[in-house]
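K.L.:
Quick one: structure below, then a few questions.
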There are 2 protein chains.
Amino acid sequence: MDKTIVDLIVKKVLEQLQAEDRRILVEASGRHVHLSKEDAIKLFGTDELTPVKELSQPGQFLCKEKVRVIGPKGDFKDVAVLGPCRGKTQVELSMTDARALGVAAIVRDSGDTAGCPSVWIQGGNSMVEAPSSTIVASRHIHMTPEDASRFSVKDGDKVSVRVHGSRKLVFEDVLIRVNPRYALSMHIDYDEANAVGLNKEAYGEIL
Amino acid sequence: MDKTIVDLIVKKVLEQLQAEDRRILVEASGRHVHLSKEDAIKLFGTDELTPVKELSQPGQFLCKEKVRVIGPKGDFKDVAVLGPCRGKTQVELSMTDARALGVAAIVRDSGDTAGCPSVWIQGGNSMVEAPSSTIVASRHIHMTPEDASRFSVKDGDKVSVRVHGSRKLVFEDVLIRVNPRYALSMHIDYDEANAVGLNKEAYGEIL
């Protein structure tokens, strides 16, 4: 048999298998900060932050740099900074975290921080104010256009996802975010991860 | 018209309205301790704890007495004690709490503490060990036999409940607990309350 045909068959079988796999990896996001270039320069003297670990989304990385996030009632030390820098500084907390800091816990999609609480961020030997920066990130699923086609959804859709942990639940209104640079994974915060008793390598299924 | 008949009509109309109301009040339970009589006597010199506030379940009350709960990695001060005393001391935590104390977060129905973590409890001027005492309580609904009949469920059933908060979800495997002394309410922990963005006076609906 022609080698090209063998390759084609293998490809088709793999695609078919993948099409039947409706599972989505579920990851819990801890509290973290995205810094604007301006704030990174003020705090660390550079907007080229130091990658120490790649994240599941291609190009995103955990930085060597850590910050302290300060609110009216409390603060968190050694908070993770995720790189690369973004257009605007954004702080992502769980509701538990927001209560501990003493700021309102407002659920928002990433990037949509208008009217959200301000905090102060300390890092290096400096401190910056991060106005309207602080959100509880909406639960969401990153996927490629190919994934979206496979799941019959499109960017901006909201779906329901059953997650199997030590106690089962269905997250509703889960935002679909489609981008060729994304890798398939669902992001929830630690309150949500605890509510479902999330284990490592937990999977969700779109209903 | 006969007054008895008027009363009968009013009763039937009210019953019908109630039957159509499928809403269940959802309450978030904070970390708390139920003490055995023996442990209450060791800590506070009495098994007649001092009620300061009635809880939604008839006969249950928040006590004036507070305790400190101590685990291998941390402790919580001023933890609520709920009365009256029970047969065995039981500590109910969220997963977040369990992690902070340094004990395993095991989801169990109330009363089923075999093999669960031990902690130490300090109160008054004494300290007791509470072996196999510490659980993350399974989400559950208290109801009367009349409620059970109205919702077509029975004691021990597991149901799915949609709760409307600032972010919506469906809790699955919610345990039904039926007792003539209960009042209708669903109990979840603070991780679960945060996951759904629970507001005061939030309601759930059995699906």
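Convention: chains lettered A, B, ... in structure tokens order; per-chain residue numbering from 1; ligands numbered from 1 as shown.
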Taking only C-alpha atoms into account, report as a compact mmCIF listing (two decimals) with C-alpha atoms, in the first residue's frame which residues of chain B lie within 6 Å of chain A.
P.N.:
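The new file out20.txt reads:
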```txt
# COMPACT_ATOMS: atom_id res chain seq x y z
CA MET B 95 -11.56 22.25 51.93
CA LYS B 168 -24.69 29.89 38.35
CA LEU B 169 -24.10 26.20 38.90
CA VAL B 170 -25.81 22.90 39.56
CA PHE B 171 -24.76 20.98 42.64
CA GLU B 172 -25.10 17.25 41.98
CA ASP B 191 -16.08 27.07 49.12
CA GLU B 192 -19.34 26.00 47.50
CA ASN B 194 -18.13 31.21 46.77
CA ALA B 195 -18.17 28.97 43.71
```
K.L.:
Within 8 Å of range 23-33 of chain B, which residues of range 61-118 of chain B come that close, and what is the closest atom pair and distance in Å for each? Count only C-alpha atoms and give it as a tab-separated table.
P.N.:
```
residue	atom	partner	partner_atom	distance
B:Val79	CA	B:His32	CA	5.9
B:Ala80	CA	B:His32	CA	4.8
B:Val81	CA	B:Val33	CA	4.8
B:Leu82	CA	B:Val33	CA	6.2
B:Thr89	CA	B:Val33	CA	7.3
B:Gln90	CA	B:Val33	CA	5.8
B:Val91	CA	B:Val33	CA	4.5
B:Glu92	CA	B:His32	CA	5.4
B:Leu93	CA	B:Arg31	CA	4.7
B:Ser94	CA	B:Arg31	CA	6.7
B:Asp97	CA	B:Arg31	CA	7.8
```
K.L.:
With only C-alpha atoms as the basis for distance, which of A:Asp7, A:Glu38, A:Glu65, A:Asp75 is at the shortest distance from Val119 in chain A?
P.N.:
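Of all the options, A:Asp75 lies closest to Val119 in chain A.
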K.L.:
Range 50-54 of chain B: which residues within 9 Å, counting only C-alpha atoms, same-chain residues fewer than 5 positions away excluded, as a PyMOL selection string?
P.N.:
chain B and resi 59-65+82-84
K.L.:
Determine which residues of chain A DSSP labels as strand (DSSP E or B) from the backbone of this structure, then write them out as JSON, numbers by chain.
P.N.:
{"A": [23, 24, 25, 26, 27, 28, 29, 32, 33, 34, 35, 36, 51, 52, 53, 54, 61, 62, 63, 64, 65, 66, 67, 68, 69, 70, 75, 76, 77, 78, 79, 80, 81, 82, 83, 84, 85, 86, 90, 91, 92, 107, 108, 119, 120, 121, 122, 123, 126, 127, 128, 129, 130, 134, 135, 136, 137, 140, 141, 142, 143, 158, 159, 160, 161, 162, 163, 169, 170, 171, 172, 173, 174, 175, 176, 177, 178, 185, 186, 187, 188, 189, 203, 204, 205, 206]}
K.L.:
Please identify the alpha helix (DSSP H) residues within range 50-103 of chain B (assignment by DSSP from backbone atoms) and present them as a VMD selection string.
P.N.:
chain B and resid 95 to 101
K.L.:
Atoms to include: N, CA and C atoms. Write the selected residues as a compact mmCIF listing (two decimals), in the first residue's frame.
P.N.:
```txt
# COMPACT_ATOMS: atom_id res chain seq x y z
N MET B 95 -12.86 22.77 52.42
CA MET B 95 -11.56 22.25 51.93
C MET B 95 -10.45 23.29 52.13
N THR B 96 -10.79 24.56 51.93
CA THR B 96 -9.82 25.63 52.18
C THR B 96 -9.34 25.57 53.63
N ASP B 97 -10.27 25.41 54.57
CA ASP B 97 -9.92 25.31 55.99
C ASP B 97 -9.03 24.09 56.25
N ALA B 98 -9.42 22.94 55.67
CA ALA B 98 -8.68 21.70 55.91
C ALA B 98 -7.22 21.86 55.49
N ARG B 99 -7.03 22.52 54.34
CA ARG B 99 -5.67 22.76 53.83
C ARG B 99 -4.90 23.65 54.81
N ALA B 100 -5.56 24.69 55.31
CA ALA B 100 -4.89 25.61 56.24
C ALA B 100 -4.52 24.90 57.55
N LEU B 101 -5.35 23.97 58.00
CA LEU B 101 -5.04 23.23 59.23
C LEU B 101 -3.99 22.13 58.99
```
K.L.:
Set the distance at 7 Å and use only C-alpha atoms: which residues neighbour range 121-134 of chain A once local chain neighbours fewer than 3 positions away are removed? I'd like the list as a short mmCIF file (atom, residue, chain, number, x, y, z; two decimals) with N, CA and C atoms, in the first residue's frame.
P.N.:
```
data_model
loop_
_atom_site.label_atom_id
_atom_site.label_comp_id
_atom_site.auth_asym_id
_atom_site.auth_seq_id
_atom_site.Cartn_x
_atom_site.Cartn_y
_atom_site.Cartn_z
N ASP A 39 4.05 49.09 34.69
CA ASP A 39 4.16 48.66 36.09
C ASP A 39 5.34 47.71 36.29
N LYS A 42 8.33 49.88 36.55
CA LYS A 42 8.38 50.57 37.84
C LYS A 42 8.83 49.62 38.96
N LEU A 43 8.34 48.39 38.91
CA LEU A 43 8.63 47.46 40.02
C LEU A 43 9.98 46.76 39.84
N PHE A 44 10.24 46.27 38.62
CA PHE A 44 11.39 45.39 38.44
C PHE A 44 12.43 45.97 37.48
N LYS A 66 8.02 37.83 41.91
CA LYS A 66 6.80 37.71 42.73
C LYS A 66 6.40 39.09 43.22
N VAL A 67 5.14 39.27 43.59
CA VAL A 67 4.70 40.56 44.13
C VAL A 67 3.88 40.35 45.41
N ARG A 68 3.72 41.45 46.13
CA ARG A 68 2.83 41.46 47.28
C ARG A 68 1.61 42.29 46.87
N VAL A 69 0.42 41.73 47.06
CA VAL A 69 -0.81 42.45 46.71
C VAL A 69 -1.45 42.93 48.00
N ILE A 70 -1.73 44.24 48.06
CA ILE A 70 -2.17 44.87 49.30
C ILE A 70 -3.56 45.48 49.12
N THR A 89 -2.47 46.30 33.92
CA THR A 89 -2.26 45.40 35.06
C THR A 89 -3.60 44.84 35.53
N GLN A 90 -3.63 43.53 35.76
CA GLN A 90 -4.86 42.85 36.21
C GLN A 90 -4.52 41.87 37.33
N VAL A 91 -5.31 41.91 38.39
CA VAL A 91 -5.13 41.02 39.53
C VAL A 91 -6.31 40.05 39.56
N GLU A 92 -6.02 38.74 39.59
CA GLU A 92 -7.10 37.74 39.61
C GLU A 92 -7.09 37.00 40.94
N THR A 113 -12.20 45.05 33.32
CA THR A 113 -11.98 45.43 34.72
C THR A 113 -12.59 46.79 35.09
N ALA A 114 -13.34 47.40 34.18
CA ALA A 114 -13.91 48.73 34.46
C ALA A 114 -14.76 48.69 35.73
N GLY A 115 -14.51 49.63 36.63
CA GLY A 115 -15.29 49.72 37.86
C GLY A 115 -14.92 48.69 38.92
N CYS A 116 -13.90 47.90 38.67
CA CYS A 116 -13.50 46.87 39.64
C CYS A 116 -12.55 47.47 40.69
N PRO A 117 -12.35 46.77 41.81
CA PRO A 117 -11.55 47.36 42.89
C PRO A 117 -10.09 47.61 42.50
N SER A 118 -9.51 48.57 43.23
CA SER A 118 -8.09 48.89 43.10
C SER A 118 -7.33 48.22 44.25
#
```
